[in-house]
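What follows is a short report on a single structure.
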Amino acid sequence: MKAAVITFPGSNCDYDMYYALHDEFGIETTIIPATTTDLSAYDAIFLPGGFSYGDYLRTGAIARFSPVMDALITANQQGKIIVGICNGFQILTEAGLLPGALQTNIQPGFICDETGLTIANATTTFTNAFETPTIKLPIAHGEGNYYVDEAQLAELQGNNQILFAYTDNPNGSVANIAGVMNKAGNVFGMMPHPERAVDELLGNTDGRAFFQSILASLATHLEVSNV
Ligand SMILES: NC(=O)CC[C@H](N)C(=O)O
């Protein structure tokens with residue numbers, strides 16, 4: 001598996017993501033700038049957290065016009081794995097690769113904490129290795145209040161696209177939603193940070209199963225496509 005981590009101007013979790021993918025899971029990983037226009041070499045693409053373009057206008061609203069986004073849309077059409085964490089999730093919703101939008105937290109302000117999550121669907125590319133129904137992950141955001149209208153919510157629920165839900169909704173998200181997948185099952189975004197919970201030294205290893213899930217699915221996928 002070859003992974004790319006895309007750095008936007010203002011990303012600040014790109015090296016955390018690199019550390020998780022490369023150092024913890026031994027995945028061949030390259031950090032590439034958002035000016036890249038070709039993602040054909042990669043099986044999985046990660047959009048990290050941060051404050052792309054200073055979160056001006058609306059978080060993710062400028063980043064979604066970056067040169068790399070056309071290549072990301074092509075990667076999506078090819079069914080490649082695309083993951084957005086925190087600011088990456090915000091960028092994916094702005095780009096229309098995931099449904100919904102991230103608004104200012106219900107109580108405006110930046111929250112830096114650990115949050116409880118339930119695994120709402122454990123049979124996906126992103127969740128198949130979770131062995132417990134609830135986990136804890138770090139959160140760090142000011143605009144994590146996930147919004148979808150009633151029709152979109154019904155669709156997400158009907159298709160089992162909600163993968164993680166907050167146990168104690170910290171930001172006002174509709175239906176406690178913390179992470180969603182697209183209908184096709186290859187694009188995922190969440191506000192909590194699994195890449196900050198992969199090492200005993202970080203005080204939390206609950207994020208490891210997220211990366212193990214992706215590795216397991218990709219191994220099966222690559223095996224099938226090589227037949
Ligand atoms: N850690 C992050 O990615 C922060 C996301 C975004 N800038 C926010 O505050 O909502």
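Just so we're on the same page: first chain in the structure tokens is A, next is B, and so on; residues restart at 1 for each chain, and ligands are numbered from 1 in the order they show up.
Around ligand 1, using only C-alpha atoms and all ligand atoms and a cut-off of 7 Å, the residues in contact are A:Pro48, A:Gly49, A:Gly50, A:Phe51, A:Asp55, A:Thr59, A:Ile85, A:Cys86, A:Asn87, A:Gly88, A:Phe110, A:Ala140, A:His141, A:Gly142, A:Glu143, A:Gly144.
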Store the residues picked out above in a file with C-alpha atoms, as a PDB file, in the first residue's frame.
ATOM      1  CA  PRO A  48      -4.820  15.906   7.705  1.00  0.00           C
ATOM      2  CA  GLY A  49      -6.033  18.318  10.358  1.00  0.00           C
ATOM      3  CA  GLY A  50      -5.072  21.950  10.707  1.00  0.00           C
ATOM      4  CA  PHE A  51      -6.181  25.383   9.652  1.00  0.00           C
ATOM      5  CA  ASP A  55      -9.839  28.850   8.114  1.00  0.00           C
ATOM      6  CA  THR A  59     -13.049  26.226   7.248  1.00  0.00           C
ATOM      7  CA  ILE A  85      -9.401  13.981   9.627  1.00  0.00           C
ATOM      8  CA  CYS A  86     -10.690  17.148  11.271  1.00  0.00           C
ATOM      9  CA  ASN A  87      -9.751  19.932   8.816  1.00  0.00           C
ATOM     10  CA  GLY A  88      -9.453  17.192   6.190  1.00  0.00           C
ATOM     11  CA  PHE A 110     -11.975  25.714  20.390  1.00  0.00           C
ATOM     12  CA  ALA A 140      -9.263  19.632  18.747  1.00  0.00           C
ATOM     13  CA  HIS A 141     -11.586  21.896  16.810  1.00  0.00           C
ATOM     14  CA  GLY A 142     -13.662  25.046  16.739  1.00  0.00           C
ATOM     15  CA  GLU A 143     -15.882  24.014  13.850  1.00  0.00           C
ATOM     16  CA  GLY A 144     -16.866  20.433  14.474  1.00  0.00           C
TER      17      GLY A 144
END
Open item on the list: DSSP on the backbone, alpha helix (DSSP H) only: what residues of stretch 98-210 of chain A does that give? Format it as number ranges by chain.
Closed with: A: 150-158, 208-210
Would you write out those residues with C-alpha atoms, as a CSV table (one decimal), in the first residue's frame?
chain,number,residue,atom,x,y,z
A,150,GLU,CA,-33.4,15.6,7.8
A,151,ALA,CA,-33.5,14.0,4.4
A,152,GLN,CA,-29.7,13.6,4.3
A,153,LEU,CA,-29.7,12.2,7.8
A,154,ALA,CA,-32.3,9.6,6.9
A,155,GLU,CA,-30.2,8.7,3.9
A,156,LEU,CA,-27.0,8.4,6.0
A,157,GLN,CA,-28.8,6.2,8.5
A,158,GLY,CA,-30.5,4.1,5.9
A,208,ARG,CA,-4.8,2.0,16.1
A,209,ALA,CA,-7.8,-0.1,14.9
A,210,PHE,CA,-8.7,2.7,12.4
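Each of A:Asn204, A:Asn176, A:Asn171, A:Gln161 was checked against A:Gly189 using only C-alpha atoms; the smallest atom-to-atom distance is that of A:Gln161.
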TODO: Counting only C-alpha atoms, figure out which residue out of A:Asp206, A:Glu200, A:Glu195, A:Asp113 gets nearest to A:Phe25.
DONE: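 Counting only C-alpha atoms, the residue closest to A:Phe25 is A:Glu195.
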TODO: Report the residues of stretch 52-210 of chain A whose backbone DSSP state falls under strand (DSSP E or B), written as an NGL selection string.
DONE: :A and (81-85 or 101-103 or 111-119 or 134-141 or 145-147 or 162-166 or 177-181 or 187-190 or 199 or 204)
Task: Between atom CA of A:Thr93 and atom CA of A:Gly26, distance in Å (one decimal) - done: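 It comes out at 29.2 Å.
Ranking A:Ala41, A:Ile31, A:Cys13, A:Leu202 by their shortest atom-to-atom distance to A:Met1, with only C-alpha atoms included, puts A:Ala41 first.
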Open item on the list: What's around A:Gly185 at 8 Å? Count only C-alpha atoms, leave out sequence neighbours fewer than 3 positions away in its own chain, and write the answer as a list in words.
Closed with: Thr124, Thr125, Gln161, Met181, Asn182 and Phe188 of chain A
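Shortest atom-to-atom contact with A:Cys112 among A:Arg58, A:Asp14, A:Tyr146, A:Pro170: A:Pro170, counting only C-alpha atoms.
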Open item on the list: Just want the 12 Å neighbourhood of A:Tyr15, counted on only C-alpha atoms, with same-chain residues fewer than 6 positions away dropped. Output as a PyMOL selection string.
Closed with: chain A and resi 4-7+21-23+29-32+46-50+195-196
Open item on the list: Would you compute the distance between atom CA of A:Gln78 and atom CA of A:Thr220? Give it in Å to one decimal.
Closed with: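 Separation between atom CA of A:Gln78 and atom CA of A:Thr220: 16.6 Å.
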TODO: For A:Met69, work out the shell of residues within 12 Å, counting only C-alpha atoms and skipping chain neighbours fewer than 3 positions away, then give it as a VMD selection string.
DONE: chain A and resid 6 8 33 to 39 45 47 60 62 to 66 72 to 76 82 88 91 to 92 94 to 97
